[in-house]
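A.B. asks: So here's target.cif, just mmCIF, C-alpha atoms:
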data_run
loop_
_atom_site.group_PDB
_atom_site.id
_atom_site.type_symbol
_atom_site.label_atom_id
_atom_site.label_comp_id
_atom_site.auth_asym_id
_atom_site.auth_seq_id
_atom_site.Cartn_x
_atom_site.Cartn_y
_atom_site.Cartn_z
ATOM 1 C CA MET A 784 -11.989 93.803 -35.092
ATOM 2 C CA SER A 785 -8.775 95.623 -34.561
ATOM 3 C CA PRO A 786 -5.934 95.088 -37.036
ATOM 4 C CA THR A 787 -3.276 93.486 -34.856
ATOM 5 C CA PRO A 788 -4.664 89.917 -34.765
ATOM 6 C CA ILE A 789 -5.063 89.894 -38.565
ATOM 7 C CA ILE A 790 -1.562 91.241 -39.121
ATOM 8 C CA ASN A 791 0.036 88.843 -36.637
ATOM 9 C CA LEU A 792 -1.793 85.783 -37.945
ATOM 10 C CA ALA A 793 -0.845 86.728 -41.505
ATOM 11 C CA ALA A 794 2.785 87.196 -40.430
ATOM 12 C CA ILE A 795 2.946 83.578 -39.269
ATOM 13 C CA GLY A 796 0.926 82.158 -42.171
ATOM 14 C CA GLN A 797 -2.134 81.330 -40.059
ATOM 15 C CA LEU A 798 -4.726 83.906 -41.125
ATOM 16 C CA ASP A 799 -6.977 81.141 -42.458
ATOM 17 C CA LEU A 800 -7.575 80.018 -38.847
ATOM 18 C CA LEU A 801 -10.023 82.912 -38.486
ATOM 19 C CA HIS A 802 -12.057 81.632 -41.431
ATOM 20 C CA ARG A 803 -11.865 78.015 -40.335
ATOM 21 C CA LEU A 804 -13.000 78.900 -36.813
ATOM 22 C CA TYR A 805 -15.500 81.685 -37.391
ATOM 23 C CA GLY A 806 -16.457 81.858 -41.066
ATOM 24 C CA THR A 807 -16.927 85.418 -42.271
ATOM 25 C CA LEU A 808 -14.915 88.170 -40.611
ATOM 26 C CA TRP A 809 -16.241 91.723 -40.588
ATOM 27 C CA ILE A 810 -13.747 94.547 -40.419
ATOM 28 C CA PRO A 811 -14.547 98.255 -40.189
ATOM 29 C CA ASP A 812 -13.339 100.770 -42.763
ATOM 30 C CA ALA A 813 -10.551 102.104 -40.528
ATOM 31 C CA VAL A 814 -9.109 98.616 -40.030
ATOM 32 C CA TYR A 815 -9.294 97.967 -43.768
ATOM 33 C CA ARG A 816 -7.453 101.225 -44.495
ATOM 34 C CA GLU A 817 -4.822 100.530 -41.834
ATOM 35 C CA ILE A 818 -4.044 97.046 -43.123
ATOM 36 C CA ALA A 819 -4.733 97.194 -46.869
ATOM 37 C CA GLU A 820 -3.708 100.761 -47.662
ATOM 38 C CA THR A 821 -1.363 102.166 -45.005
ATOM 39 C CA GLY A 822 0.200 98.727 -44.518
ATOM 40 C CA ALA A 823 0.428 97.867 -48.224
ATOM 41 C CA GLY A 824 3.063 95.199 -48.743
ATOM 42 C CA GLU A 825 3.002 94.179 -45.078
ATOM 43 C CA PRO A 826 1.533 90.925 -43.689
ATOM 44 C CA GLY A 827 -2.225 90.782 -44.156
ATOM 45 C CA SER A 828 -2.556 93.621 -46.651
ATOM 46 C CA ALA A 829 -3.040 91.509 -49.784
ATOM 47 C CA GLU A 830 -5.256 89.056 -47.928
ATOM 48 C CA VAL A 831 -7.569 91.763 -46.574
ATOM 49 C CA ARG A 832 -7.987 93.105 -50.104
ATOM 50 C CA SER A 833 -8.610 89.731 -51.730
ATOM 51 C CA LEU A 834 -10.107 87.149 -49.357
ATOM 52 C CA VAL A 835 -13.876 86.921 -49.834
ATOM 53 C CA TRP A 836 -14.470 85.857 -46.229
ATOM 54 C CA ILE A 837 -13.085 89.163 -44.942
ATOM 55 C CA GLU A 838 -15.835 91.734 -45.422
ATOM 56 C CA ARG A 839 -15.437 95.482 -45.049
ATOM 57 C CA HIS A 840 -18.326 97.201 -43.238
ATOM 58 C CA SER A 841 -18.971 100.799 -42.230
ATOM 59 C CA ALA A 842 -19.928 101.710 -38.699
ATOM 60 C CA ARG A 843 -23.228 103.599 -38.863
ATOM 61 C CA ARG A 844 -23.180 105.118 -35.374
ATOM 62 C CA LEU A 845 -20.801 107.964 -36.129
ATOM 63 C CA ASP A 846 -21.644 109.593 -32.796
ATOM 64 C CA LEU A 847 -20.395 106.487 -31.013
ATOM 65 C CA VAL A 848 -17.275 106.289 -33.178
ATOM 66 C CA THR A 849 -16.536 109.950 -32.429
ATOM 67 C CA ALA A 850 -16.946 109.388 -28.686
ATOM 68 C CA LEU A 851 -14.753 106.271 -28.762
ATOM 69 C CA ARG A 852 -12.078 108.134 -30.741
ATOM 70 C CA LEU A 853 -11.507 110.303 -27.673
ATOM 71 C CA GLU A 854 -9.843 107.273 -26.085
ATOM 72 C CA LEU A 855 -8.951 104.918 -28.941
ATOM 73 C CA ASP A 856 -7.378 104.845 -32.362
ATOM 74 C CA PRO A 857 -9.740 104.830 -35.376
ATOM 75 C CA GLY A 858 -9.587 101.063 -35.946
ATOM 76 C CA GLU A 859 -10.424 100.142 -32.384
ATOM 77 C CA ALA A 860 -13.160 102.784 -32.164
ATOM 78 C CA GLU A 861 -14.845 101.605 -35.356
ATOM 79 C CA ALA A 862 -14.406 97.933 -34.427
ATOM 80 C CA ILE A 863 -16.163 98.438 -31.102
ATOM 81 C CA ALA A 864 -18.943 100.494 -32.702
ATOM 82 C CA LEU A 865 -19.432 97.894 -35.447
ATOM 83 C CA ALA A 866 -19.517 95.060 -32.893
ATOM 84 C CA ILE A 867 -22.196 96.900 -30.909
ATOM 85 C CA GLU A 868 -24.270 97.768 -34.003
ATOM 86 C CA SER A 869 -24.132 94.298 -35.512
ATOM 87 C CA LYS A 870 -24.548 92.495 -32.187
ATOM 88 C CA SER A 871 -21.441 90.475 -33.001
ATOM 89 C CA ASP A 872 -20.779 87.161 -31.314
ATOM 90 C CA PHE A 873 -17.409 88.564 -30.239
ATOM 91 C CA LEU A 874 -14.862 91.280 -30.891
ATOM 92 C CA LEU A 875 -11.383 90.203 -31.946
ATOM 93 C CA ILE A 876 -9.047 92.643 -30.208
ATOM 94 C CA ASP A 877 -5.676 92.499 -28.476
ATOM 95 C CA GLU A 878 -4.949 96.053 -27.362
ATOM 96 C CA ARG A 879 -5.408 96.473 -23.619
ATOM 97 C CA ARG A 880 -7.048 99.915 -23.768
ATOM 98 C CA GLY A 881 -9.511 98.769 -26.421
ATOM 99 C CA ARG A 882 -10.392 95.670 -24.436
ATOM 100 C CA HIS A 883 -11.000 97.762 -21.325
ATOM 101 C CA ILE A 884 -13.380 100.054 -23.198
ATOM 102 C CA ALA A 885 -15.122 97.179 -25.024
ATOM 103 C CA ALA A 886 -15.797 95.625 -21.614
ATOM 104 C CA ARG A 887 -17.810 98.720 -20.709
ATOM 105 C CA PHE A 888 -20.222 97.689 -23.465
ATOM 106 C CA ASP A 889 -20.315 94.059 -22.289
ATOM 107 C CA LEU A 890 -18.800 92.868 -25.553
ATOM 108 C CA LYS A 891 -17.429 89.358 -25.615
ATOM 109 C CA MET A 892 -13.777 89.596 -26.656
ATOM 110 C CA LEU A 893 -11.213 87.248 -28.045
ATOM 111 C CA GLY A 894 -7.543 87.938 -28.643
ATOM 112 C CA LEU A 895 -4.915 86.410 -30.868
ATOM 113 C CA LEU A 896 -3.803 83.899 -28.251
ATOM 114 C CA GLY A 897 -7.427 82.915 -27.611
ATOM 115 C CA VAL A 898 -7.759 82.158 -31.324
ATOM 116 C CA LEU A 899 -4.716 79.892 -31.171
ATOM 117 C CA VAL A 900 -6.028 78.100 -28.081
ATOM 118 C CA GLU A 901 -9.392 77.518 -29.766
ATOM 119 C CA ALA A 902 -7.698 76.324 -32.962
ATOM 120 C CA ARG A 903 -5.605 73.849 -30.959
ATOM 121 C CA ARG A 904 -8.614 72.583 -29.018
ATOM 122 C CA LYS A 905 -10.514 72.023 -32.265
ATOM 123 C CA GLY A 906 -7.579 70.187 -33.841
ATOM 124 C CA LEU A 907 -6.913 72.816 -36.514
ATOM 125 C CA ILE A 908 -3.277 73.081 -35.468
ATOM 126 C CA PRO A 909 -1.189 70.199 -34.109
ATOM 127 C CA SER A 910 0.615 72.299 -31.502
ATOM 128 C CA VAL A 911 0.506 75.873 -30.256
ATOM 129 C CA SER A 912 4.154 75.998 -29.163
ATOM 130 C CA PRO A 913 5.736 76.503 -32.614
ATOM 131 C CA LEU A 914 3.226 79.234 -33.406
ATOM 132 C CA LEU A 915 4.031 81.063 -30.179
ATOM 133 C CA ASN A 916 7.710 80.935 -31.120
ATOM 134 C CA GLU A 917 6.927 82.177 -34.629
ATOM 135 C CA LEU A 918 4.765 85.012 -33.276
ATOM 136 C CA SER A 919 7.683 86.196 -31.204
ATOM 137 C CA ARG A 920 10.240 85.774 -33.979
ATOM 138 C CA ALA A 921 8.386 86.851 -37.137
ATOM 139 C CA ALA A 922 5.733 89.190 -35.798
ATOM 140 C CA GLY A 923 7.529 90.670 -32.794
ATOM 141 C CA PHE A 924 4.561 89.719 -30.612
ATOM 142 C CA TYR A 925 5.680 90.093 -27.005
ATOM 143 C CA MET A 926 4.586 87.495 -24.455
ATOM 144 C CA THR A 927 5.872 87.016 -20.943
ATOM 145 C CA PRO A 928 7.126 83.542 -20.072
ATOM 146 C CA GLU A 929 4.156 83.235 -17.685
ATOM 147 C CA LEU A 930 1.698 83.999 -20.479
ATOM 148 C CA ILE A 931 3.381 81.483 -22.780
ATOM 149 C CA ASN A 932 3.112 78.844 -20.052
ATOM 150 C CA ARG A 933 -0.584 79.637 -19.497
ATOM 151 C CA VAL A 934 -1.351 79.338 -23.220
ATOM 152 C CA LYS A 935 0.554 76.063 -23.461
ATOM 153 C CA ALA A 936 -1.245 74.731 -20.380
ATOM 154 C CA ALA A 937 -4.619 75.700 -21.842
ATOM 155 C CA CYS A 938 -3.683 73.615 -24.889
ATOM 156 C CA GLY A 939 -2.437 70.657 -22.843
ATOM 157 C CA GLU A 940 1.164 71.318 -23.862
ATOM 158 C CA ALA A 941 2.656 72.335 -20.503
#
Translate this structure into structure tokens?
C.D. replies:
Amino acid sequence: MSPTPIINLAAIGQLDLLHRLYGTLWIPDAVYREIAETGAGEPGSAEVRSLVWIERHSARRLDLVTALRLELDPGEAEAIALAIESKSDFLLIDERRGRHIAARFDLKMLGLLGVLVEARRKGLIPSVSPLLNELSRAAGFYMTPELINRVKAACGEA
């Protein structure tokens, strides 16, 4: 998983949705370092260090990580390699370039907004609209009005 969904969910106080929806979350070493160490004091850093359902794992295919690093940052490269190695159910990633490359490996992907849609459909959140507003305000997460309308429609809130 890449760090952005964790950071953004933590910024709006909804990181627990990942646990409630998917159980254990595996993150590669580079993502751990980016959130817990480089981002110390920022949203998600304390949670990544302390929550037992977030597990740090090392990618074993260093050749693959090295090849992916030619096009991606360390977190995305390791997340894709770890997803391939572990035969993950899905890869949680928002960055467009990372998603494009993950698609080359036929990885199933889910982004932050997909998490919110699934949480709404499963009744874990009463409405997606306030969270979209909070993502924009507190996390600086940019969404076009069209994207906001599509997310709301997918949740039956249009």
A.B. asks: When the PyMOL selection byres ((chain A and resi 887-902) around 7) is applied to the structure above, which residues does it catch, written out as a PDB file with C-alpha atoms, keeping the file's coordinate frame?
C.D. replies:
ATOM      1  CA  PRO A 788      -4.664  89.917 -34.765  1.00  0.00           C
ATOM      2  CA  LEU A 800      -7.575  80.018 -38.847  1.00  0.00           C
ATOM      3  CA  ASP A 872     -20.779  87.161 -31.314  1.00  0.00           C
ATOM      4  CA  PHE A 873     -17.409  88.564 -30.239  1.00  0.00           C
ATOM      5  CA  LEU A 874     -14.862  91.280 -30.891  1.00  0.00           C
ATOM      6  CA  LEU A 875     -11.383  90.203 -31.946  1.00  0.00           C
ATOM      7  CA  ILE A 876      -9.047  92.643 -30.208  1.00  0.00           C
ATOM      8  CA  ASP A 877      -5.676  92.499 -28.476  1.00  0.00           C
ATOM      9  CA  HIS A 883     -11.000  97.762 -21.325  1.00  0.00           C
ATOM     10  CA  ILE A 884     -13.380 100.054 -23.198  1.00  0.00           C
ATOM     11  CA  ALA A 885     -15.122  97.179 -25.024  1.00  0.00           C
ATOM     12  CA  ALA A 886     -15.797  95.625 -21.614  1.00  0.00           C
ATOM     13  CA  ARG A 903      -5.605  73.849 -30.959  1.00  0.00           C
ATOM     14  CA  ARG A 904      -8.614  72.583 -29.018  1.00  0.00           C
ATOM     15  CA  LYS A 905     -10.514  72.023 -32.265  1.00  0.00           C
ATOM     16  CA  GLY A 906      -7.579  70.187 -33.841  1.00  0.00           C
ATOM     17  CA  LEU A 907      -6.913  72.816 -36.514  1.00  0.00           C
ATOM     18  CA  ILE A 908      -3.277  73.081 -35.468  1.00  0.00           C
ATOM     19  CA  VAL A 911       0.506  75.873 -30.256  1.00  0.00           C
ATOM     20  CA  VAL A 934      -1.351  79.338 -23.220  1.00  0.00           C
ATOM     21  CA  ALA A 937      -4.619  75.700 -21.842  1.00  0.00           C
ATOM     22  CA  CYS A 938      -3.683  73.615 -24.889  1.00  0.00           C
TER      23      CYS A 938
END
A.B. asks: Grab the CA of Ala860 (chain A) to CA of Leu915 (chain A) distance for me, in Å with one decimal place.
C.D. replies: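 Computing it gives 27.8 Å between the two atoms.
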A.B. asks: List, as a count of residues only, every residue that the PyMOL selection byres ((chain A and resi 920-924) around 7) selects in the file provided.
C.D. replies: 9
A.B. asks: So that I can see what lies close to region 849-854 of chain A, please list as a ChimeraX atom specification the residues with an atom at most 9 Å from it, counting only C-alpha atoms and leaving out residues fewer than 6 positions away in the same chain.
C.D. replies: /A:860-861,863-864,880-881,884
A.B. asks: In Å, with one decimal, what is the gap from CA of Glu830 (chain A) to CA of Ala862 (chain A)?
C.D. replies: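 CA of Ala862 (chain A) lies at a distance of 18.6 Å from CA of Glu830 (chain A).
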A.B. asks: Could you expand the PyMOL selection byres ((chain A and resi 836) around 9) into the explicit residues it covers here, written as a list in words?
C.D. replies: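 Given this file, the PyMOL selection byres ((chain A and resi 836) around 9) evaluates to His802, Gly806, Thr807, Leu808, Trp809, Ser833, Leu834, Val835, Ile837 and Glu838 of chain A.
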A.B. asks: Could you turn the residues from that selection into a file that holds C-alpha atoms, as an mmCIF file, in the coordinates of the input?
C.D. replies:
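Writing done, so here's result_8.cif:
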data_model
loop_
_atom_site.group_PDB
_atom_site.id
_atom_site.type_symbol
_atom_site.label_atom_id
_atom_site.label_comp_id
_atom_site.auth_asym_id
_atom_site.auth_seq_id
_atom_site.Cartn_x
_atom_site.Cartn_y
_atom_site.Cartn_z
ATOM 1 C CA HIS A 802 -12.057 81.632 -41.431
ATOM 2 C CA GLY A 806 -16.457 81.858 -41.066
ATOM 3 C CA THR A 807 -16.927 85.418 -42.271
ATOM 4 C CA LEU A 808 -14.915 88.170 -40.611
ATOM 5 C CA TRP A 809 -16.241 91.723 -40.588
ATOM 6 C CA SER A 833 -8.610 89.731 -51.730
ATOM 7 C CA LEU A 834 -10.107 87.149 -49.357
ATOM 8 C CA VAL A 835 -13.876 86.921 -49.834
ATOM 9 C CA ILE A 837 -13.085 89.163 -44.942
ATOM 10 C CA GLU A 838 -15.835 91.734 -45.422
#
A.B. asks: Quick one, how far is CA of Pro913 (chain A) from CA of Tyr815 (chain A)?
C.D. replies: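 Going from CA of Pro913 (chain A) over to CA of Tyr815 (chain A) covers 28.5 Å.
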A.B. asks: Can you take the partial region 913-941 of chain A, add N, CA and C atoms, and return it as an mmCIF file, in the coordinates of the input?
C.D. replies:
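Final output, result.cif:
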data_model
loop_
_atom_site.group_PDB
_atom_site.id
_atom_site.type_symbol
_atom_site.label_atom_id
_atom_site.label_comp_id
_atom_site.auth_asym_id
_atom_site.auth_seq_id
_atom_site.Cartn_x
_atom_site.Cartn_y
_atom_site.Cartn_z
ATOM 1 N N PRO A 913 4.974 75.912 -31.501
ATOM 2 C CA PRO A 913 5.736 76.503 -32.614
ATOM 3 C C PRO A 913 5.160 77.835 -33.085
ATOM 4 N N LEU A 914 3.850 77.977 -32.988
ATOM 5 C CA LEU A 914 3.226 79.234 -33.406
ATOM 6 C C LEU A 914 3.546 80.362 -32.434
ATOM 7 N N LEU A 915 3.623 80.051 -31.158
ATOM 8 C CA LEU A 915 4.031 81.063 -30.179
ATOM 9 C C LEU A 915 5.457 81.528 -30.462
ATOM 10 N N ASN A 916 6.327 80.581 -30.781
ATOM 11 C CA ASN A 916 7.710 80.935 -31.120
ATOM 12 C C ASN A 916 7.753 81.797 -32.377
ATOM 13 N N GLU A 917 6.964 81.433 -33.371
ATOM 14 C CA GLU A 917 6.927 82.177 -34.629
ATOM 15 C C GLU A 917 6.346 83.571 -34.430
ATOM 16 N N LEU A 918 5.329 83.692 -33.574
ATOM 17 C CA LEU A 918 4.765 85.012 -33.276
ATOM 18 C C LEU A 918 5.831 85.930 -32.695
ATOM 19 N N SER A 919 6.623 85.401 -31.814
ATOM 20 C CA SER A 919 7.683 86.196 -31.204
ATOM 21 C C SER A 919 8.749 86.556 -32.235
ATOM 22 N N ARG A 920 9.159 85.576 -33.020
ATOM 23 C CA ARG A 920 10.240 85.774 -33.979
ATOM 24 C C ARG A 920 9.810 86.626 -35.176
ATOM 25 N N ALA A 921 8.759 86.217 -35.865
ATOM 26 C CA ALA A 921 8.386 86.851 -37.137
ATOM 27 C C ALA A 921 7.516 88.082 -36.968
ATOM 28 N N ALA A 922 6.675 88.087 -35.946
ATOM 29 C CA ALA A 922 5.733 89.190 -35.798
ATOM 30 C C ALA A 922 6.127 90.157 -34.691
ATOM 31 N N GLY A 923 7.130 89.799 -33.895
ATOM 32 C CA GLY A 923 7.529 90.670 -32.794
ATOM 33 C C GLY A 923 6.474 90.778 -31.712
ATOM 34 N N PHE A 924 5.645 89.743 -31.591
ATOM 35 C CA PHE A 924 4.561 89.719 -30.612
ATOM 36 C C PHE A 924 5.151 89.372 -29.255
ATOM 37 N N TYR A 925 5.070 90.306 -28.311
ATOM 38 C CA TYR A 925 5.680 90.093 -27.005
ATOM 39 C C TYR A 925 4.743 89.313 -26.082
ATOM 40 N N MET A 926 5.302 88.294 -25.450
ATOM 41 C CA MET A 926 4.586 87.495 -24.455
ATOM 42 C C MET A 926 5.546 87.224 -23.308
ATOM 43 N N THR A 927 5.044 87.363 -22.097
ATOM 44 C CA THR A 927 5.872 87.016 -20.943
ATOM 45 C C THR A 927 5.990 85.496 -20.881
ATOM 46 N N PRO A 928 7.020 84.995 -20.236
ATOM 47 C CA PRO A 928 7.126 83.542 -20.072
ATOM 48 C C PRO A 928 5.900 82.962 -19.355
ATOM 49 N N GLU A 929 5.351 83.705 -18.405
ATOM 50 C CA GLU A 929 4.156 83.235 -17.685
ATOM 51 C C GLU A 929 2.968 83.089 -18.628
ATOM 52 N N LEU A 930 2.805 84.063 -19.523
ATOM 53 C CA LEU A 930 1.698 83.999 -20.479
ATOM 54 C C LEU A 930 1.882 82.821 -21.431
ATOM 55 N N ILE A 931 3.094 82.619 -21.901
ATOM 56 C CA ILE A 931 3.381 81.483 -22.780
ATOM 57 C C ILE A 931 3.030 80.176 -22.072
ATOM 58 N N ASN A 932 3.416 80.060 -20.814
ATOM 59 C CA ASN A 932 3.112 78.844 -20.052
ATOM 60 C C ASN A 932 1.611 78.655 -19.868
ATOM 61 N N ARG A 933 0.870 79.756 -19.649
ATOM 62 C CA ARG A 933 -0.584 79.637 -19.497
ATOM 63 C C ARG A 933 -1.254 79.196 -20.791
ATOM 64 N N VAL A 934 -0.794 79.723 -21.912
ATOM 65 C CA VAL A 934 -1.351 79.338 -23.220
ATOM 66 C C VAL A 934 -1.050 77.871 -23.489
ATOM 67 N N LYS A 935 0.175 77.460 -23.255
ATOM 68 C CA LYS A 935 0.554 76.063 -23.461
ATOM 69 C C LYS A 935 -0.267 75.135 -22.562
ATOM 70 N N ALA A 936 -0.455 75.540 -21.313
ATOM 71 C CA ALA A 936 -1.245 74.731 -20.380
ATOM 72 C C ALA A 936 -2.685 74.625 -20.843
ATOM 73 N N ALA A 937 -3.237 75.711 -21.351
ATOM 74 C CA ALA A 937 -4.619 75.700 -21.842
ATOM 75 C C ALA A 937 -4.766 74.763 -23.040
ATOM 76 N N CYS A 938 -3.673 74.505 -23.716
ATOM 77 C CA CYS A 938 -3.683 73.615 -24.889
ATOM 78 C C CYS A 938 -3.201 72.211 -24.529
ATOM 79 N N GLY A 939 -2.924 71.961 -23.259
ATOM 80 C CA GLY A 939 -2.437 70.657 -22.843
ATOM 81 C C GLY A 939 -0.995 70.400 -23.253
ATOM 82 N N GLU A 940 -0.222 71.467 -23.414
ATOM 83 C CA GLU A 940 1.164 71.318 -23.862
ATOM 84 C C GLU A 940 2.177 71.725 -22.790
ATOM 85 N N ALA A 941 1.730 71.894 -21.571
ATOM 86 C CA ALA A 941 2.656 72.335 -20.503
ATOM 87 C C ALA A 941 3.530 71.193 -20.046
#
